[in-house]
Amino acid sequence: MEFSFTEEQRLMAETARKIAKDFPPDYWYEKEEAGEFGAEFWKAISEAGFLGIVIPEEYGGVGLGVSELMLVIQELCENGCGMAGNWYICLTEVFGAMPIVKYGTKEQKEKYLPKIASGELEFCMALTEPNAGTNTFRIETFAKKEGDGYRINGSKIFISGADRAKGMLLIARTTRPEDAPKKTHGITLFLVDLPNEAVKVSPIPKHGINYSKTCEVVIEDLWVPESAVLGEVDKGWFSLLDVLDPERLVFTVASVGIGKLAINYAVNYGNQRQVFSQPISSYQSLQHPLAEAYASLVSAELLAYKAGWLFDNDGHYREIGAVANMAKAVAVENATKAVYWAMQTLGGYGYSKEYHVERWWREINLVRLAPVTQQMALNYIAEHILGMPKSYS
Amino acid sequence: MKIAVFCKSVPDTETKVRLKGDRLDTSGIKYILNPYDEFAVEEAVRMKEAKKAEEIVAISMGPARAQEALRNALAIGADRAVLVTDDALDGSDTLATAKVLVKVLEKEGGDFDLLLFGQRAIDGDTWQVPSQVAALLDLPQATCTVALEVEPGSKAVATRLVEGGEEIHELTLPAVITCSKGLNEPRYPSLPNIMKAKKKPLTTYSLGDLGIDASEVGKNGSRTEVLSYELPPARGGGKKVEGEPEEVVAELVKFLKEEIKVI
Ligand SMILES: Cc1cc2nc3c(=O)[nH]c(=O)nc-3n(C[C@H](O)[C@H](O)[C@H](O)COP(=O)(O)OP(=O)(O)OC[C@H]3O[C@@H](n4cnc5c(N)ncnc54)[C@H](O)[C@@H]3O)c2cc1C
């Protein structure tokens with residue numbers, strides 16, 4: 001067994017830590033309040049090569065795996081960036097680069113990958129629909145074969161980064177469920193260039209993560225050529241798993257990072273703050289919940305890197321799914337607990353925006369709902385690992 | 001030009017210093033390239049980018065883990081690296097260290113035009129090694145440099161900050177320069193460069209390779225010895241003076257005169 005990171009991985013983590021120090025919580029406080037994209041941060045991570053981690057060298061990247069992606073993201077989140085350390089990278093690299101690297105044609109790779117690696121091209125993924133959130137198979141957006149291309153109609157919701165992105169991974173049906181021989185049949189992935197007149201994008205005001213906009217996307221008579229199909233027609237579900245698993249993993253380590261960030265912040269604060277005769281951090285009613293959350297976060301972290309390792313080493317998709325869902329469920333539950341108790345430690349200051357914890361609270365609240373809800377992660381564990389009957393259909 | 005940049009592996013700046021008895025407790029410490037050495041590496045790389053230098057050799061003496069600090073220098077842009085590591089080096093003081101580094105320079109051809117150091121290492125904080133190397137080689141030196149102009153084959157002009165102004169030195173090459181904060185803004189080693197660094201040559205020497213006898217280094221070869229480490233005393237509570245301005249001033253003056261006796 002091997003638990004240590006390689007020398008290169010440690011140096012990458014060090015670069016991520018340095019960048020995080022240059023974009024501290026105060027920077028994100030301002031961006032969040034202004035509802036503004038972190039352009040300076042984007043430039044720094046582009047120059048550091050963070051957007052090309054999974055992109056092969058011949059296309060301008062470094063040709064590494066999801067493990068390195070997770071490592072860099074966690075360091076950014078944990079060392080001051082909070083969710084922002086994950087958000088932009090996930091949208092562009094997990095939703096854009098990863099599926100193109102794995103399933104793209106040579107032309108698609110040449111068109112998108114070098115620009116993604118250099119930070120010139122942002123991406124987004126349009127999967128969720130008003131009538132299909134947790135239940136992906138119910139998506140209704142339909143791509144109808146027309147000449148040497150497809151005519152697409154449908155509406156998507158909660159599409160993060162669609163307001164800025166120049167590329168969109170669009171998930172649509174090419175065969176209706178009633179005509180499909182199998183439940184997993186009939187879904188196709190498309191690469192769509194934005195902005196496009198047939199794609200209407202409207203931001204949705206939201207609870208947190210306001211340095212990025214999450215949007216409603218209405219697609220009306222969008223025509224794309226056949227060359228926009230990523231992977232095989234009707235068989236997109238399995239390619240999609242190669243996006244959704246890494247997405248789950250980067251959100252898992254982001255949660256671990258945010259949890260640790262909040263705990264460290266609370267510990268420093270608690271060591272200074274004196275209310276009665278000792279620092280408040282000496283009270284066990286604050287110590288134990290923080291200690292419990294921390295220990296569980298570190299456990300989830302180990303599990304998450306195991307999942308990353310399985311993914312990078314061609315593990316079976318069921319095994320990856322099992323480990324990733326367990327890591328996600330534990331990380332999110334305990335990151336939520338960590339931020340909750342960090343806020344408790346800060347007392348009234350925890351409620352004030354300048355002390356950041358309330359922002360991390362709004363950030364961590366997302367992860368119980370997306371990319372997959374906690375309930376669905378637990379359902380997966382119950383059904384696929386424990387062998388209990390499925391309670392829904 | 002051929003530039004030597006000296007690199008030390010030191011505990012991360014955020015390390016909480018702990019003692020085990022009267023020794024440093026090194027468990028759980030994360031090591032990094034000494035931040036002042038980063039200025040030195042960055043400066044060398046900029047000279048190479050400006051076509052003033054052809055080769056940058058990063059040099060370190062230290063335990064095996066110092067290899068990572070050297071990889072960091074390679075990732076910033078040094079061409080190759082040399083690590084001297086040997087159990088017998090443990091306990092070497094600054095002069096013994098300087099002697100070893102001089103031997104490395106000889107072994108590497110001795111034809112360096114510029115020797116760049118960080119002005120100090122953030123762990124031992126002695127500020128001595130660069131000057132000792134300069135003295136052993138009888139080379140001109142400028143310490144704590146905040147600006148540097150080099151004319152290859154001829155001279156270096158180094159600016160140092162002194163109280164109330166700047167001191168500008170002209171040095172004939174080869175020369176020793178120690179680098180201060182403000183000299184440049186070191187780049188982050190990018191991921192592509194970290195991967196390239198993996199393929200750059202890193203040579204390891206033992207004492208035998210350098211023709212140094214174990215008695216010349218380590219505790220035996222050192223004129224100074226660290227007897228023990230102590231943490232600084234915990235900071236006592238402050239004193240708060242309250243009341244109307246006249247009362248506060250009187251109280252403060254009394255305190256300054258009688259208790260801490262500074263006026
Ligand atoms: C800020 C934000 C950004 C997002 N970004 C993107 C994006 O970029 N691209 C994208 O495609 N999507 C995105 N999403 C969508 C996100 O993935 C979905 O919101 C998520 O999958 C949940 O779907 P839903 O909101 O429709 O919830 P629903 O499916 O309506 O679920 C509602 C509740 O019912 C529970 N539930 C449903 N079925 C079961 C069951 N069988 N057993 C137990 N409980 C059940 C759920 O757990 C949940 O608590 C984003 C969402 C948010 C909030």
# chains A, B, ... in the order shown; residues from 1 in each chain; ligands from 1
>>> interface_residues(of="chain A", to="chain B", cutoff="6 Å", atoms="only C-alpha atoms", output="compact mmCIF listing (two decimals) with C-alpha atoms, in the first residue's frame")
# COMPACT_ATOMS: atom_id res chain seq x y z
CA THR A 15 1.80 25.99 -6.04
CA ALA A 48 -0.23 27.87 -13.33
CA GLY A 49 -1.63 25.26 -15.72
CA VAL A 62 0.10 18.29 -18.42
>>> residues_near_ligand(ligand="ligand 1", cutoff="7 Å", atoms="only C-alpha atoms and all ligand atoms", output="short mmCIF file (atom, residue, chain, number, x, y, z; two decimals) with all heavy atoms, in the first residue's frame")
data_model
loop_
_atom_site.label_atom_id
_atom_site.label_comp_id
_atom_site.auth_asym_id
_atom_site.auth_seq_id
_atom_site.Cartn_x
_atom_site.Cartn_y
_atom_site.Cartn_z
N LEU A 91 -16.20 23.63 -13.63
CA LEU A 91 -17.05 23.94 -14.78
C LEU A 91 -16.29 23.74 -16.09
O LEU A 91 -16.81 23.17 -17.05
CB LEU A 91 -17.55 25.39 -14.71
CG LEU A 91 -18.42 25.79 -13.51
CD1 LEU A 91 -18.89 27.23 -13.67
CD2 LEU A 91 -19.59 24.85 -13.33
N CYS A 124 -19.34 24.97 -19.70
CA CYS A 124 -20.41 24.71 -18.74
C CYS A 124 -21.09 23.41 -19.16
O CYS A 124 -20.83 22.90 -20.26
CB CYS A 124 -21.42 25.85 -18.71
SG CYS A 124 -22.34 26.06 -20.23
N MET A 125 -21.92 22.88 -18.28
CA MET A 125 -22.64 21.64 -18.63
C MET A 125 -24.13 21.83 -18.41
O MET A 125 -24.56 22.23 -17.32
CB MET A 125 -22.15 20.47 -17.77
CG MET A 125 -23.01 19.22 -17.99
SD MET A 125 -22.44 17.77 -17.11
CE MET A 125 -22.91 18.16 -15.44
N ALA A 126 -24.91 21.51 -19.42
CA ALA A 126 -26.35 21.65 -19.30
C ALA A 126 -26.99 20.27 -19.25
O ALA A 126 -27.23 19.64 -20.28
CB ALA A 126 -26.89 22.45 -20.48
N LEU A 127 -27.24 19.80 -18.04
CA LEU A 127 -27.85 18.50 -17.82
C LEU A 127 -29.24 18.66 -17.18
O LEU A 127 -30.24 18.21 -17.71
CB LEU A 127 -26.93 17.64 -16.94
CG LEU A 127 -27.50 16.34 -16.40
CD1 LEU A 127 -27.86 15.40 -17.54
CD2 LEU A 127 -26.49 15.64 -15.47
N THR A 128 -29.25 19.34 -16.02
CA THR A 128 -30.48 19.42 -15.23
C THR A 128 -31.60 20.15 -15.98
O THR A 128 -31.36 21.14 -16.66
CB THR A 128 -30.19 20.15 -13.90
OG1 THR A 128 -29.10 19.48 -13.27
CG2 THR A 128 -31.39 20.16 -12.99
N PRO A 130 -36.00 21.34 -15.58
CA PRO A 130 -37.06 21.54 -14.59
C PRO A 130 -37.75 20.22 -14.20
O PRO A 130 -38.09 20.02 -13.05
CB PRO A 130 -38.04 22.48 -15.31
CG PRO A 130 -37.21 23.22 -16.30
CD PRO A 130 -36.12 22.27 -16.72
N ASN A 131 -37.90 19.33 -15.16
CA ASN A 131 -38.55 18.05 -14.85
C ASN A 131 -37.57 16.90 -14.69
O ASN A 131 -37.97 15.74 -14.66
CB ASN A 131 -39.57 17.70 -15.93
CG ASN A 131 -40.75 18.66 -15.91
OD1 ASN A 131 -41.13 19.14 -14.83
ND2 ASN A 131 -41.29 18.97 -17.06
N ALA A 132 -36.31 17.20 -14.62
CA ALA A 132 -35.31 16.13 -14.46
C ALA A 132 -34.08 16.66 -13.72
O ALA A 132 -33.16 17.19 -14.32
CB ALA A 132 -34.91 15.56 -15.81
N GLY A 133 -34.13 16.53 -12.41
CA GLY A 133 -32.97 16.91 -11.60
C GLY A 133 -32.27 15.65 -11.19
O GLY A 133 -31.40 15.11 -11.90
N THR A 134 -32.74 15.12 -10.07
CA THR A 134 -32.19 13.88 -9.55
C THR A 134 -32.36 12.73 -10.54
O THR A 134 -31.50 11.87 -10.66
CB THR A 134 -32.90 13.56 -8.21
OG1 THR A 134 -32.53 14.59 -7.30
CG2 THR A 134 -32.52 12.22 -7.67
N ASN A 135 -33.46 12.74 -11.26
CA ASN A 135 -33.73 11.65 -12.20
C ASN A 135 -33.35 12.04 -13.62
O ASN A 135 -34.17 12.48 -14.41
CB ASN A 135 -35.21 11.27 -12.10
CG ASN A 135 -35.50 9.98 -12.86
OD1 ASN A 135 -34.62 9.43 -13.52
ND2 ASN A 135 -36.73 9.52 -12.77
N ILE A 157 -32.09 23.96 -16.49
CA ILE A 157 -32.09 24.86 -15.34
C ILE A 157 -30.87 24.62 -14.46
O ILE A 157 -30.33 23.51 -14.45
CB ILE A 157 -33.42 24.71 -14.54
CG1 ILE A 157 -33.57 25.90 -13.57
CG2 ILE A 157 -33.50 23.38 -13.82
CD1 ILE A 157 -35.00 26.24 -13.27
N PHE A 158 -30.47 25.68 -13.77
CA PHE A 158 -29.29 25.64 -12.88
C PHE A 158 -28.00 25.37 -13.64
O PHE A 158 -27.18 24.56 -13.19
CB PHE A 158 -29.46 24.60 -11.76
CG PHE A 158 -30.63 24.83 -10.86
CD1 PHE A 158 -31.53 23.81 -10.55
CD2 PHE A 158 -30.84 26.09 -10.29
CE1 PHE A 158 -32.60 24.04 -9.70
CE2 PHE A 158 -31.92 26.32 -9.45
CZ PHE A 158 -32.80 25.29 -9.15
N ILE A 159 -27.81 26.01 -14.76
CA ILE A 159 -26.60 25.75 -15.54
C ILE A 159 -25.54 26.80 -15.18
O ILE A 159 -25.63 27.96 -15.57
CB ILE A 159 -26.91 25.75 -17.05
CG1 ILE A 159 -28.11 24.82 -17.32
CG2 ILE A 159 -25.68 25.35 -17.86
CD1 ILE A 159 -28.00 23.41 -16.70
N SER A 160 -24.57 26.37 -14.40
CA SER A 160 -23.58 27.30 -13.87
C SER A 160 -22.58 27.70 -14.95
O SER A 160 -22.10 26.85 -15.70
CB SER A 160 -22.84 26.66 -12.70
OG SER A 160 -23.79 26.32 -11.70
N GLY A 161 -22.32 28.99 -15.00
CA GLY A 161 -21.31 29.50 -15.92
C GLY A 161 -21.80 29.67 -17.34
O GLY A 161 -21.05 30.12 -18.21
N LYS A 206 -29.32 33.57 -6.50
CA LYS A 206 -29.15 32.40 -5.62
C LYS A 206 -28.51 32.73 -4.27
O LYS A 206 -27.98 33.80 -4.06
CB LYS A 206 -28.41 31.29 -6.36
CG LYS A 206 -26.97 31.57 -6.76
CD LYS A 206 -26.43 30.31 -7.46
CE LYS A 206 -24.93 30.34 -7.76
NZ LYS A 206 -24.42 31.46 -8.53
N THR A 214 -25.51 31.09 -12.05
CA THR A 214 -26.15 29.81 -12.39
C THR A 214 -27.44 30.19 -13.13
O THR A 214 -28.16 31.07 -12.67
CB THR A 214 -26.40 29.00 -11.11
OG1 THR A 214 -25.11 28.67 -10.55
CG2 THR A 214 -27.16 27.72 -11.37
N LEU A 366 -24.77 24.19 -0.67
CA LEU A 366 -25.03 23.70 -2.02
C LEU A 366 -24.76 22.20 -2.12
O LEU A 366 -25.48 21.48 -2.81
CB LEU A 366 -24.13 24.42 -3.04
CG LEU A 366 -24.25 23.77 -4.43
CD1 LEU A 366 -25.62 24.03 -5.03
CD2 LEU A 366 -23.17 24.20 -5.35
N LEU A 369 -27.21 19.49 -1.96
CA LEU A 369 -28.22 19.47 -3.03
C LEU A 369 -27.64 19.11 -4.39
O LEU A 369 -28.33 18.58 -5.25
CB LEU A 369 -28.85 20.87 -3.14
CG LEU A 369 -29.29 21.51 -1.82
CD1 LEU A 369 -29.69 22.96 -2.06
CD2 LEU A 369 -30.44 20.72 -1.22
N ALA A 370 -26.40 19.47 -4.60
CA ALA A 370 -25.77 19.28 -5.91
C ALA A 370 -24.29 19.02 -5.69
O ALA A 370 -23.75 19.46 -4.69
CB ALA A 370 -25.96 20.53 -6.78
N PRO A 371 -23.60 18.35 -6.56
CA PRO A 371 -24.02 17.76 -7.83
C PRO A 371 -24.98 16.58 -7.68
O PRO A 371 -25.67 16.24 -8.64
CB PRO A 371 -22.71 17.30 -8.48
CG PRO A 371 -21.67 17.32 -7.41
CD PRO A 371 -22.15 18.21 -6.33
N VAL A 372 -25.02 15.96 -6.53
CA VAL A 372 -26.00 14.90 -6.31
C VAL A 372 -26.49 15.15 -4.88
O VAL A 372 -25.74 15.60 -4.03
CB VAL A 372 -25.37 13.51 -6.46
CG1 VAL A 372 -24.26 13.28 -5.47
CG2 VAL A 372 -26.40 12.39 -6.33
N THR A 373 -27.76 14.90 -4.60
CA THR A 373 -28.24 15.18 -3.26
C THR A 373 -27.69 14.13 -2.28
O THR A 373 -27.34 13.02 -2.69
CB THR A 373 -29.79 15.20 -3.19
OG1 THR A 373 -30.27 13.87 -3.39
CG2 THR A 373 -30.38 16.13 -4.25
N GLN A 374 -27.67 14.51 -1.00
CA GLN A 374 -27.21 13.55 0.00
C GLN A 374 -28.08 12.29 -0.03
O GLN A 374 -27.57 11.17 0.04
CB GLN A 374 -27.29 14.16 1.42
CG GLN A 374 -26.19 15.14 1.77
CD GLN A 374 -24.80 14.54 1.81
OE1 GLN A 374 -24.17 14.37 0.77
NE2 GLN A 374 -24.28 14.23 2.99
N GLN A 375 -29.39 12.49 -0.19
CA GLN A 375 -30.28 11.32 -0.21
C GLN A 375 -29.92 10.34 -1.31
O GLN A 375 -29.93 9.14 -1.11
CB GLN A 375 -31.75 11.76 -0.41
CG GLN A 375 -32.38 12.39 0.80
CD GLN A 375 -32.23 13.90 0.78
OE1 GLN A 375 -31.36 14.44 0.09
NE2 GLN A 375 -33.06 14.58 1.54
N MET A 376 -29.59 10.89 -2.48
CA MET A 376 -29.29 9.99 -3.60
C MET A 376 -27.96 9.27 -3.37
O MET A 376 -27.80 8.13 -3.79
CB MET A 376 -29.29 10.75 -4.93
CG MET A 376 -30.67 11.18 -5.40
SD MET A 376 -31.96 9.90 -5.31
CE MET A 376 -31.55 8.87 -6.71
N ASN A 379 -28.93 6.60 -1.05
CA ASN A 379 -29.67 5.57 -1.79
C ASN A 379 -28.70 4.63 -2.50
O ASN A 379 -28.89 3.42 -2.52
CB ASN A 379 -30.57 6.22 -2.86
CG ASN A 379 -31.84 6.81 -2.25
OD1 ASN A 379 -32.18 6.52 -1.10
ND2 ASN A 379 -32.52 7.65 -3.02
N SER A 391 -36.26 1.96 -3.46
CA SER A 391 -37.54 2.42 -2.95
C SER A 391 -38.29 3.30 -3.94
O SER A 391 -39.33 3.83 -3.62
CB SER A 391 -37.31 3.21 -1.66
OG SER A 391 -36.53 4.36 -1.96
N TYR A 392 -37.74 3.48 -5.13
CA TYR A 392 -38.35 4.41 -6.09
C TYR A 392 -38.12 3.84 -7.49
O TYR A 392 -37.27 2.97 -7.68
CB TYR A 392 -37.70 5.79 -5.97
CG TYR A 392 -36.20 5.74 -6.08
CD1 TYR A 392 -35.55 6.00 -7.29
CD2 TYR A 392 -35.42 5.38 -4.97
CE1 TYR A 392 -34.18 5.92 -7.38
CE2 TYR A 392 -34.04 5.30 -5.07
CZ TYR A 392 -33.43 5.57 -6.28
OH TYR A 392 -32.07 5.47 -6.37
#
>>> closest_residue(among="B:Leu74, B:Met61, B:Ala66, B:Ala135", to="B:Thr97", atoms="only C-alpha atoms")
B:Met61
>>> residues_around(residues="stretch 277-292 of chain A", least_positions_apart="2", cutoff="12 Å", atoms="only C-alpha atoms", output="PyMOL selection string")
chain A and resi 259-275+294-299+330+333-347
>>> closest_residue(among="A:Phe137, A:Tyr112, A:Trp87, A:Phe41", to="A:Ser393", atoms="only C-alpha atoms")
A:Phe137
>>> residues_around(residues="stretch 174-177 of chain B", least_positions_apart="4", cutoff="10 Å", atoms="only C-alpha atoms", output="JSON, numbers by chain")
{"B": [1, 2, 3, 4, 5, 40, 111, 112, 113, 114, 115, 116, 117, 118, 119, 130, 131, 133, 134, 135, 137, 138, 139, 140, 141, 142, 143, 144, 145, 148, 152, 153, 154, 155, 156, 158]}
>>> write_last_selection(atoms="C-alpha atoms", output="PDB file, in the first residue's frame")
ATOM      1  CA  MET B   1      27.110  33.354 -17.880  1.00  0.00           C
ATOM      2  CA  LYS B   2      26.961  30.328 -15.691  1.00  0.00           C
ATOM      3  CA  ILE B   3      25.032  30.948 -12.472  1.00  0.00           C
ATOM      4  CA  ALA B   4      25.002  28.920  -9.268  1.00  0.00           C
ATOM      5  CA  VAL B   5      21.900  29.321  -7.111  1.00  0.00           C
ATOM      6  CA  ALA B  40      17.610  34.035  -6.099  1.00  0.00           C
ATOM      7  CA  ASP B 111      33.698  28.551 -13.810  1.00  0.00           C
ATOM      8  CA  PHE B 112      30.663  30.284 -12.328  1.00  0.00           C
ATOM      9  CA  ASP B 113      30.158  33.980 -13.059  1.00  0.00           C
ATOM     10  CA  LEU B 114      27.582  34.609 -10.396  1.00  0.00           C
ATOM     11  CA  LEU B 115      26.755  32.945  -7.089  1.00  0.00           C
ATOM     12  CA  LEU B 116      23.227  33.761  -5.936  1.00  0.00           C
ATOM     13  CA  PHE B 117      21.953  33.078  -2.431  1.00  0.00           C
ATOM     14  CA  GLY B 118      18.900  34.027  -0.403  1.00  0.00           C
ATOM     15  CA  GLN B 119      19.959  36.619   2.156  1.00  0.00           C
ATOM     16  CA  PRO B 130      26.967  33.347   1.586  1.00  0.00           C
ATOM     17  CA  SER B 131      29.588  35.644   3.103  1.00  0.00           C
ATOM     18  CA  VAL B 133      31.600  31.268   0.682  1.00  0.00           C
ATOM     19  CA  ALA B 134      32.629  34.692  -0.665  1.00  0.00           C
ATOM     20  CA  ALA B 135      35.474  34.859   1.846  1.00  0.00           C
ATOM     21  CA  LEU B 137      36.761  32.092  -2.607  1.00  0.00           C
ATOM     22  CA  ASP B 138      37.975  35.651  -2.131  1.00  0.00           C
ATOM     23  CA  LEU B 139      35.095  37.045  -4.198  1.00  0.00           C
ATOM     24  CA  PRO B 140      33.355  40.408  -3.908  1.00  0.00           C
ATOM     25  CA  GLN B 141      29.915  40.260  -2.370  1.00  0.00           C
ATOM     26  CA  ALA B 142      26.779  42.340  -1.978  1.00  0.00           C
ATOM     27  CA  THR B 143      24.259  41.196   0.597  1.00  0.00           C
ATOM     28  CA  CYS B 144      20.538  41.942   0.958  1.00  0.00           C
ATOM     29  CA  THR B 145      20.173  43.054  -2.624  1.00  0.00           C
ATOM     30  CA  LEU B 148      20.515  43.800  -9.599  1.00  0.00           C
ATOM     31  CA  PRO B 152      27.943  39.399 -18.411  1.00  0.00           C
ATOM     32  CA  GLY B 153      31.704  39.058 -18.556  1.00  0.00           C
ATOM     33  CA  SER B 154      32.207  42.269 -16.694  1.00  0.00           C
ATOM     34  CA  LYS B 155      30.345  43.513 -13.652  1.00  0.00           C
ATOM     35  CA  ALA B 156      27.261  43.487 -11.471  1.00  0.00           C
ATOM     36  CA  ALA B 158      23.694  45.698  -6.801  1.00  0.00           C
TER      37      ALA B 158
END
>>> closest_residue(among="A:Phe37, A:Lys328, A:Trp361, A:Ser255", to="A:Ile381", atoms="only C-alpha atoms")
A:Lys328
>>> atom_distance(atom1="atom CA of B:Ile29", atom2="atom CA of B:Thr178")
26.4 Å
>>> residues_around(residues="A:Phe142", least_positions_apart="6", cutoff="7 Å", atoms="only C-alpha atoms", output="NGL selection string")
:A and (152-154 or 172-174)
>>> write_last_selection(atoms="all heavy atoms", output="PDB file, in the first residue's frame")
ATOM      1  N   ILE A 152     -32.206  20.981 -32.090  1.00  0.00           N
ATOM      2  CA  ILE A 152     -32.388  20.727 -30.654  1.00  0.00           C
ATOM      3  C   ILE A 152     -33.359  21.719 -30.022  1.00  0.00           C
ATOM      4  O   ILE A 152     -33.273  22.932 -30.261  1.00  0.00           O
ATOM      5  CB  ILE A 152     -31.031  20.783 -29.902  1.00  0.00           C
ATOM      6  CG1 ILE A 152     -30.000  19.881 -30.615  1.00  0.00           C
ATOM      7  CG2 ILE A 152     -31.185  20.352 -28.441  1.00  0.00           C
ATOM      8  CD1 ILE A 152     -28.621  19.873 -29.978  1.00  0.00           C
ATOM      9  N   ASN A 153     -34.249  21.200 -29.179  1.00  0.00           N
ATOM     10  CA  ASN A 153     -35.184  22.029 -28.421  1.00  0.00           C
ATOM     11  C   ASN A 153     -35.285  21.516 -26.986  1.00  0.00           C
ATOM     12  O   ASN A 153     -35.247  20.308 -26.758  1.00  0.00           O
ATOM     13  CB  ASN A 153     -36.582  21.963 -29.053  1.00  0.00           C
ATOM     14  CG  ASN A 153     -36.692  22.891 -30.246  1.00  0.00           C
ATOM     15  OD1 ASN A 153     -36.773  24.111 -30.096  1.00  0.00           O
ATOM     16  ND2 ASN A 153     -36.643  22.301 -31.438  1.00  0.00           N
ATOM     17  N   GLY A 154     -35.437  22.445 -26.065  1.00  0.00           N
ATOM     18  CA  GLY A 154     -35.615  22.024 -24.676  1.00  0.00           C
ATOM     19  C   GLY A 154     -35.236  23.132 -23.714  1.00  0.00           C
ATOM     20  O   GLY A 154     -34.798  24.208 -24.125  1.00  0.00           O
ATOM     21  N   ALA A 172     -28.774  15.681 -24.233  1.00  0.00           N
ATOM     22  CA  ALA A 172     -30.116  15.652 -24.829  1.00  0.00           C
ATOM     23  C   ALA A 172     -30.506  14.218 -25.178  1.00  0.00           C
ATOM     24  O   ALA A 172     -29.658  13.337 -25.257  1.00  0.00           O
ATOM     25  CB  ALA A 172     -30.146  16.516 -26.089  1.00  0.00           C
ATOM     26  N   ARG A 173     -31.776  14.039 -25.382  1.00  0.00           N
ATOM     27  CA  ARG A 173     -32.263  12.735 -25.860  1.00  0.00           C
ATOM     28  C   ARG A 173     -32.234  12.718 -27.368  1.00  0.00           C
ATOM     29  O   ARG A 173     -32.576  13.713 -28.015  1.00  0.00           O
ATOM     30  CB  ARG A 173     -33.699  12.517 -25.392  1.00  0.00           C
ATOM     31  CG  ARG A 173     -33.778  12.082 -23.960  1.00  0.00           C
ATOM     32  CD  ARG A 173     -34.926  11.080 -23.786  1.00  0.00           C
ATOM     33  NE  ARG A 173     -34.705  10.329 -22.567  1.00  0.00           N
ATOM     34  CZ  ARG A 173     -34.201   9.103 -22.525  1.00  0.00           C
ATOM     35  NH1 ARG A 173     -33.872   8.463 -23.638  1.00  0.00           N
ATOM     36  NH2 ARG A 173     -34.016   8.489 -21.385  1.00  0.00           N
ATOM     37  N   THR A 174     -31.834  11.580 -27.937  1.00  0.00           N
ATOM     38  CA  THR A 174     -31.933  11.397 -29.379  1.00  0.00           C
ATOM     39  C   THR A 174     -32.920  10.270 -29.664  1.00  0.00           C
ATOM     40  O   THR A 174     -33.311  10.057 -30.812  1.00  0.00           O
ATOM     41  CB  THR A 174     -30.552  11.089 -29.993  1.00  0.00           C
ATOM     42  OG1 THR A 174     -29.777  10.352 -29.050  1.00  0.00           O
ATOM     43  CG2 THR A 174     -29.810  12.367 -30.326  1.00  0.00           C
TER      44      THR A 174
END
>>> residues_around(residues="A:Glu146", least_positions_apart="4", cutoff="12 Å", atoms="only C-alpha atoms", output="short mmCIF file (atom, residue, chain, number, x, y, z; two decimals) with N, CA, C and O atoms, in the first residue's frame")
data_model
loop_
_atom_site.label_atom_id
_atom_site.label_comp_id
_atom_site.auth_asym_id
_atom_site.auth_seq_id
_atom_site.Cartn_x
_atom_site.Cartn_y
_atom_site.Cartn_z
N TYR A 150 -28.37 18.10 -36.29
CA TYR A 150 -29.47 17.88 -35.37
C TYR A 150 -30.15 19.21 -35.07
O TYR A 150 -29.50 20.24 -34.98
N ARG A 151 -31.46 19.14 -34.86
CA ARG A 151 -32.24 20.30 -34.44
C ARG A 151 -32.60 20.06 -32.98
O ARG A 151 -33.22 19.04 -32.65
N ILE A 152 -32.21 20.98 -32.09
CA ILE A 152 -32.39 20.73 -30.65
C ILE A 152 -33.36 21.72 -30.02
O ILE A 152 -33.27 22.93 -30.26
N THR A 174 -31.83 11.58 -27.94
CA THR A 174 -31.93 11.40 -29.38
C THR A 174 -32.92 10.27 -29.66
O THR A 174 -33.31 10.06 -30.81
N ASP A 221 -34.84 25.59 -31.28
CA ASP A 221 -34.46 25.34 -32.68
C ASP A 221 -32.97 25.54 -32.94
O ASP A 221 -32.57 26.10 -33.96
N LEU A 222 -32.19 25.05 -32.03
CA LEU A 222 -30.73 25.14 -32.21
C LEU A 222 -30.30 24.06 -33.20
O LEU A 222 -30.64 22.88 -33.04
N TRP A 223 -29.59 24.45 -34.24
CA TRP A 223 -29.10 23.44 -35.19
C TRP A 223 -27.60 23.24 -34.96
O TRP A 223 -26.84 24.21 -34.85
N VAL A 224 -27.18 22.00 -34.83
CA VAL A 224 -25.74 21.71 -34.72
C VAL A 224 -25.37 20.64 -35.75
O VAL A 224 -26.19 19.77 -36.07
N PRO A 225 -24.15 20.71 -36.28
CA PRO A 225 -23.73 19.68 -37.24
C PRO A 225 -23.44 18.37 -36.52
O PRO A 225 -23.30 18.34 -35.30
N GLU A 226 -23.33 17.30 -37.29
CA GLU A 226 -23.01 16.00 -36.70
C GLU A 226 -21.70 16.02 -35.91
O GLU A 226 -21.54 15.29 -34.93
#
>>> residues_around(residues="A:Val323", least_positions_apart="4", cutoff="7 Å", atoms="only C-alpha atoms", output="number ranges by chain")
A: 303, 307, 319, 327
>>> atom_distance(atom1="atom CA of B:Ala64", atom2="atom CA of B:Leu89")
11.7 Å
>>> select_by_dssp(residues="stretch 122-196 of chain B", states="alpha helix (DSSP H)", output="ChimeraX atom specification")
/B:129-137,191-196
